[in-house]
Amino acid sequence: MEKTARAFKNGVTLVEMLVVMGVFAILAAAATPHLLGTQEKTFLQAEQEKISHHLKAGQQNAIAAYKGHDYQIQFDPPQGYVLQPNLENQTVFLHKNIQILTVDPQIITFEKLTGKPDNPLELTLISKRFKTEISMNVEGLVTTLAIERK
């Protein structure tokens, strides 16, 4: 009985505590790159979804003849694009770690009442480790590719 009581009084030593903290530090160092990659991929996916949403909204606004004329999206690589005429030419900026690598054409116009784009669109988004593509055909169908490593 005395040995058990004495063991509880002693607690843990400084060396034992340092060993446990060292193990936690090693685990945290090993997990950090994976967590940062996951976060970067999430930001890229969010920007991909936002651009796809704006393309589809542009089509809908043109079909509804929003403000009485065609609807346009003007891409301004590497960091943003302008929605016209929505909200007095609202500029949308991408997340600071995401960039537009390529876009063809830079201006896409949706015809009033039909919503069809004047040209097919090819857009590539990149981050430090990942890339993805968004495309739209002449009928206005928006497709996105899966995010992949560069």
# chains A, B, ... in the order shown; residues from 1 in each chain; ligands from 1
>>> residues_around(residues="Ile147 in chain A", least_positions_apart="5", cutoff="9 Å", atoms="only C-alpha atoms", output="number ranges by chain")
A: 41, 44-45, 130-133
>>> write_last_selection(atoms="C-alpha atoms", output="PDB file, in the first residue's frame")
ATOM      1  CA  LYS A  41      -6.332  22.482 -52.182  1.00  0.00           C
ATOM      2  CA  LEU A  44      -8.265  26.304 -54.959  1.00  0.00           C
ATOM      3  CA  GLN A  45     -11.500  24.329 -54.957  1.00  0.00           C
ATOM      4  CA  PHE A 130      -1.961  22.308 -57.438  1.00  0.00           C
ATOM      5  CA  LYS A 131      -3.774  23.283 -60.607  1.00  0.00           C
ATOM      6  CA  THR A 132      -7.257  22.927 -62.055  1.00  0.00           C
ATOM      7  CA  GLU A 133      -9.164  23.943 -65.146  1.00  0.00           C
TER       8      GLU A 133
END
>>> residues_around(residues="range 116-124 of chain A", least_positions_apart="4", cutoff="6 Å", atoms="only C-alpha atoms", output="NGL selection string")
:A and (100-104 or 109-111 or 132-140)
>>> select_by_dssp(residues="range 22-125 of chain A", states="alpha helix (DSSP H)", output="number ranges by chain")
A: 22-63
>>> write_last_selection(atoms="C-alpha atoms", output="mmCIF file, in the first residue's frame")
data_model
loop_
_atom_site.group_PDB
_atom_site.id
_atom_site.type_symbol
_atom_site.label_atom_id
_atom_site.label_comp_id
_atom_site.auth_asym_id
_atom_site.auth_seq_id
_atom_site.Cartn_x
_atom_site.Cartn_y
_atom_site.Cartn_z
ATOM 1 C CA GLY A 22 9.253 15.675 -28.108
ATOM 2 C CA VAL A 23 7.015 12.946 -29.503
ATOM 3 C CA PHE A 24 4.168 15.454 -29.954
ATOM 4 C CA ALA A 25 6.536 17.889 -31.688
ATOM 5 C CA ILE A 26 7.687 15.195 -34.128
ATOM 6 C CA LEU A 27 4.088 14.215 -34.908
ATOM 7 C CA ALA A 28 3.112 17.857 -35.443
ATOM 8 C CA ALA A 29 6.102 18.450 -37.747
ATOM 9 C CA ALA A 30 5.189 15.385 -39.797
ATOM 10 C CA ALA A 31 1.520 16.412 -40.135
ATOM 11 C CA THR A 32 2.055 20.103 -40.989
ATOM 12 C CA PRO A 33 2.918 19.733 -44.717
ATOM 13 C CA HIS A 34 -0.113 17.508 -45.258
ATOM 14 C CA LEU A 35 -2.397 19.971 -43.495
ATOM 15 C CA LEU A 36 -1.009 22.919 -45.479
ATOM 16 C CA GLY A 37 -1.499 21.010 -48.739
ATOM 17 C CA THR A 38 -5.083 20.223 -47.789
ATOM 18 C CA GLN A 39 -5.746 23.867 -46.968
ATOM 19 C CA GLU A 40 -4.227 25.007 -50.277
ATOM 20 C CA LYS A 41 -6.332 22.482 -52.182
ATOM 21 C CA THR A 42 -9.456 23.693 -50.368
ATOM 22 C CA PHE A 43 -8.746 27.328 -51.320
ATOM 23 C CA LEU A 44 -8.265 26.304 -54.959
ATOM 24 C CA GLN A 45 -11.500 24.329 -54.957
ATOM 25 C CA ALA A 46 -13.385 27.265 -53.424
ATOM 26 C CA GLU A 47 -12.117 29.624 -56.145
ATOM 27 C CA GLN A 48 -13.000 27.067 -58.821
ATOM 28 C CA GLU A 49 -16.546 26.840 -57.479
ATOM 29 C CA LYS A 50 -16.844 30.634 -57.189
ATOM 30 C CA ILE A 51 -15.818 31.193 -60.825
ATOM 31 C CA SER A 52 -18.162 28.418 -62.006
ATOM 32 C CA HIS A 53 -20.979 30.034 -60.029
ATOM 33 C CA HIS A 54 -20.290 33.450 -61.586
ATOM 34 C CA LEU A 55 -20.265 31.942 -65.074
ATOM 35 C CA LYS A 56 -23.625 30.276 -64.478
ATOM 36 C CA ALA A 57 -25.040 33.423 -62.852
ATOM 37 C CA GLY A 58 -23.842 35.439 -65.865
ATOM 38 C CA GLN A 59 -25.787 33.140 -68.145
ATOM 39 C CA GLN A 60 -28.900 33.471 -66.015
ATOM 40 C CA ASN A 61 -28.614 37.262 -65.852
ATOM 41 C CA ALA A 62 -28.254 37.431 -69.642
ATOM 42 C CA ILE A 63 -31.266 35.146 -70.135
#
>>> atom_distance(atom1="CA of Val142 in chain A", atom2="CA of Gly115 in chain A")
12.4 Å
>>> decode(residues="range 7-137 of chain A", atoms="C-alpha atoms", output="CSV table (one decimal), in the first residue's frame")
chain,number,residue,atom,x,y,z
A,7,ALA,CA,4.2,6.5,-6.7
A,8,PHE,CA,1.2,8.9,-6.9
A,9,LYS,CA,3.1,11.5,-4.8
A,10,ASN,CA,6.1,11.5,-7.1
A,11,GLY,CA,4.2,12.3,-10.3
A,12,VAL,CA,6.1,12.5,-13.6
A,13,THR,CA,9.7,13.6,-13.9
A,14,LEU,CA,10.9,16.4,-16.1
A,15,VAL,CA,12.6,14.0,-18.4
A,16,GLU,CA,9.4,12.0,-19.0
A,17,MET,CA,7.5,15.2,-19.7
A,18,LEU,CA,10.2,16.3,-22.2
A,19,VAL,CA,10.1,12.9,-24.0
A,20,VAL,CA,6.3,13.2,-24.4
A,21,MET,CA,6.5,16.8,-25.7
A,22,GLY,CA,9.3,15.7,-28.1
A,23,VAL,CA,7.0,12.9,-29.5
A,24,PHE,CA,4.2,15.5,-30.0
A,25,ALA,CA,6.5,17.9,-31.7
A,26,ILE,CA,7.7,15.2,-34.1
A,27,LEU,CA,4.1,14.2,-34.9
A,28,ALA,CA,3.1,17.9,-35.4
A,29,ALA,CA,6.1,18.4,-37.7
A,30,ALA,CA,5.2,15.4,-39.8
A,31,ALA,CA,1.5,16.4,-40.1
A,32,THR,CA,2.1,20.1,-41.0
A,33,PRO,CA,2.9,19.7,-44.7
A,34,HIS,CA,-0.1,17.5,-45.3
A,35,LEU,CA,-2.4,20.0,-43.5
A,36,LEU,CA,-1.0,22.9,-45.5
A,37,GLY,CA,-1.5,21.0,-48.7
A,38,THR,CA,-5.1,20.2,-47.8
A,39,GLN,CA,-5.7,23.9,-47.0
A,40,GLU,CA,-4.2,25.0,-50.3
A,41,LYS,CA,-6.3,22.5,-52.2
A,42,THR,CA,-9.5,23.7,-50.4
A,43,PHE,CA,-8.7,27.3,-51.3
A,44,LEU,CA,-8.3,26.3,-55.0
A,45,GLN,CA,-11.5,24.3,-55.0
A,46,ALA,CA,-13.4,27.3,-53.4
A,47,GLU,CA,-12.1,29.6,-56.1
A,48,GLN,CA,-13.0,27.1,-58.8
A,49,GLU,CA,-16.5,26.8,-57.5
A,50,LYS,CA,-16.8,30.6,-57.2
A,51,ILE,CA,-15.8,31.2,-60.8
A,52,SER,CA,-18.2,28.4,-62.0
A,53,HIS,CA,-21.0,30.0,-60.0
A,54,HIS,CA,-20.3,33.5,-61.6
A,55,LEU,CA,-20.3,31.9,-65.1
A,56,LYS,CA,-23.6,30.3,-64.5
A,57,ALA,CA,-25.0,33.4,-62.9
A,58,GLY,CA,-23.8,35.4,-65.9
A,59,GLN,CA,-25.8,33.1,-68.1
A,60,GLN,CA,-28.9,33.5,-66.0
A,61,ASN,CA,-28.6,37.3,-65.9
A,62,ALA,CA,-28.3,37.4,-69.6
A,63,ILE,CA,-31.3,35.1,-70.1
A,64,ALA,CA,-33.3,37.4,-67.8
A,65,ALA,CA,-32.0,40.4,-69.7
A,66,TYR,CA,-30.7,41.8,-66.4
A,67,LYS,CA,-30.4,45.6,-66.7
A,68,GLY,CA,-31.4,45.3,-70.4
A,69,HIS,CA,-28.2,44.2,-72.0
A,70,ASP,CA,-25.6,41.4,-72.5
A,71,TYR,CA,-23.7,40.2,-69.5
A,72,GLN,CA,-19.9,40.1,-69.5
A,73,ILE,CA,-17.1,38.7,-67.4
A,74,GLN,CA,-13.7,40.1,-68.0
A,75,PHE,CA,-10.8,38.1,-66.6
A,76,ASP,CA,-7.8,40.1,-65.3
A,77,PRO,CA,-5.0,37.6,-64.7
A,78,PRO,CA,-3.4,36.8,-62.4
A,79,GLN,CA,-5.7,37.8,-59.5
A,80,GLY,CA,-9.2,38.6,-60.5
A,81,TYR,CA,-12.1,39.3,-62.8
A,82,VAL,CA,-14.8,41.9,-63.4
A,83,LEU,CA,-18.5,41.1,-63.5
A,84,GLN,CA,-20.3,43.5,-65.9
A,85,PRO,CA,-22.9,45.1,-65.5
A,86,ASN,CA,-23.6,43.4,-62.2
A,87,LEU,CA,-23.2,45.8,-59.2
A,88,GLU,CA,-21.5,48.6,-61.3
A,89,ASN,CA,-18.7,46.4,-62.7
A,90,GLN,CA,-17.9,44.5,-59.5
A,91,THR,CA,-14.3,43.2,-59.3
A,92,VAL,CA,-13.8,39.8,-57.8
A,93,PHE,CA,-10.4,39.0,-56.4
A,94,LEU,CA,-9.1,35.5,-55.9
A,95,HIS,CA,-7.5,34.2,-52.7
A,96,LYS,CA,-4.0,35.6,-52.3
A,97,ASN,CA,-2.4,32.1,-53.0
A,98,ILE,CA,-4.5,31.4,-56.1
A,99,GLN,CA,-3.8,32.8,-59.5
A,100,ILE,CA,-5.2,32.6,-63.0
A,101,LEU,CA,-2.5,31.0,-65.1
A,102,THR,CA,-4.2,31.1,-68.5
A,103,VAL,CA,-7.5,32.3,-69.8
A,104,ASP,CA,-8.8,32.3,-73.4
A,105,PRO,CA,-10.6,34.5,-74.2
A,106,GLN,CA,-10.1,37.2,-71.5
A,107,ILE,CA,-13.6,38.6,-72.0
A,108,ILE,CA,-16.7,36.4,-72.3
A,109,THR,CA,-20.0,37.9,-73.2
A,110,PHE,CA,-23.4,36.1,-72.7
A,111,GLU,CA,-26.0,37.0,-75.2
A,112,LYS,CA,-29.2,38.7,-74.0
A,113,LEU,CA,-32.2,36.3,-73.8
A,114,THR,CA,-30.2,33.2,-74.8
A,115,GLY,CA,-27.4,33.2,-72.3
A,116,LYS,CA,-25.0,31.6,-74.8
A,117,PRO,CA,-21.4,32.7,-74.6
A,118,ASP,CA,-19.8,34.4,-77.6
A,119,ASN,CA,-16.7,32.0,-77.4
A,120,PRO,CA,-15.8,28.9,-75.6
A,121,LEU,CA,-13.8,29.5,-72.4
A,122,GLU,CA,-10.6,27.8,-71.2
A,123,LEU,CA,-9.3,28.9,-67.8
A,124,THR,CA,-6.5,27.4,-65.6
A,125,LEU,CA,-6.1,28.2,-61.9
A,126,ILE,CA,-3.0,27.4,-60.0
A,127,SER,CA,-1.6,27.5,-56.5
A,128,LYS,CA,1.9,26.6,-55.3
A,129,ARG,CA,1.3,22.8,-55.6
A,130,PHE,CA,-2.0,22.3,-57.4
A,131,LYS,CA,-3.8,23.3,-60.6
A,132,THR,CA,-7.3,22.9,-62.1
A,133,GLU,CA,-9.2,23.9,-65.1
A,134,ILE,CA,-12.6,25.4,-65.9
A,135,SER,CA,-14.1,25.3,-69.4
A,136,MET,CA,-17.3,26.4,-71.0
A,137,ASN,CA,-18.4,25.3,-74.4
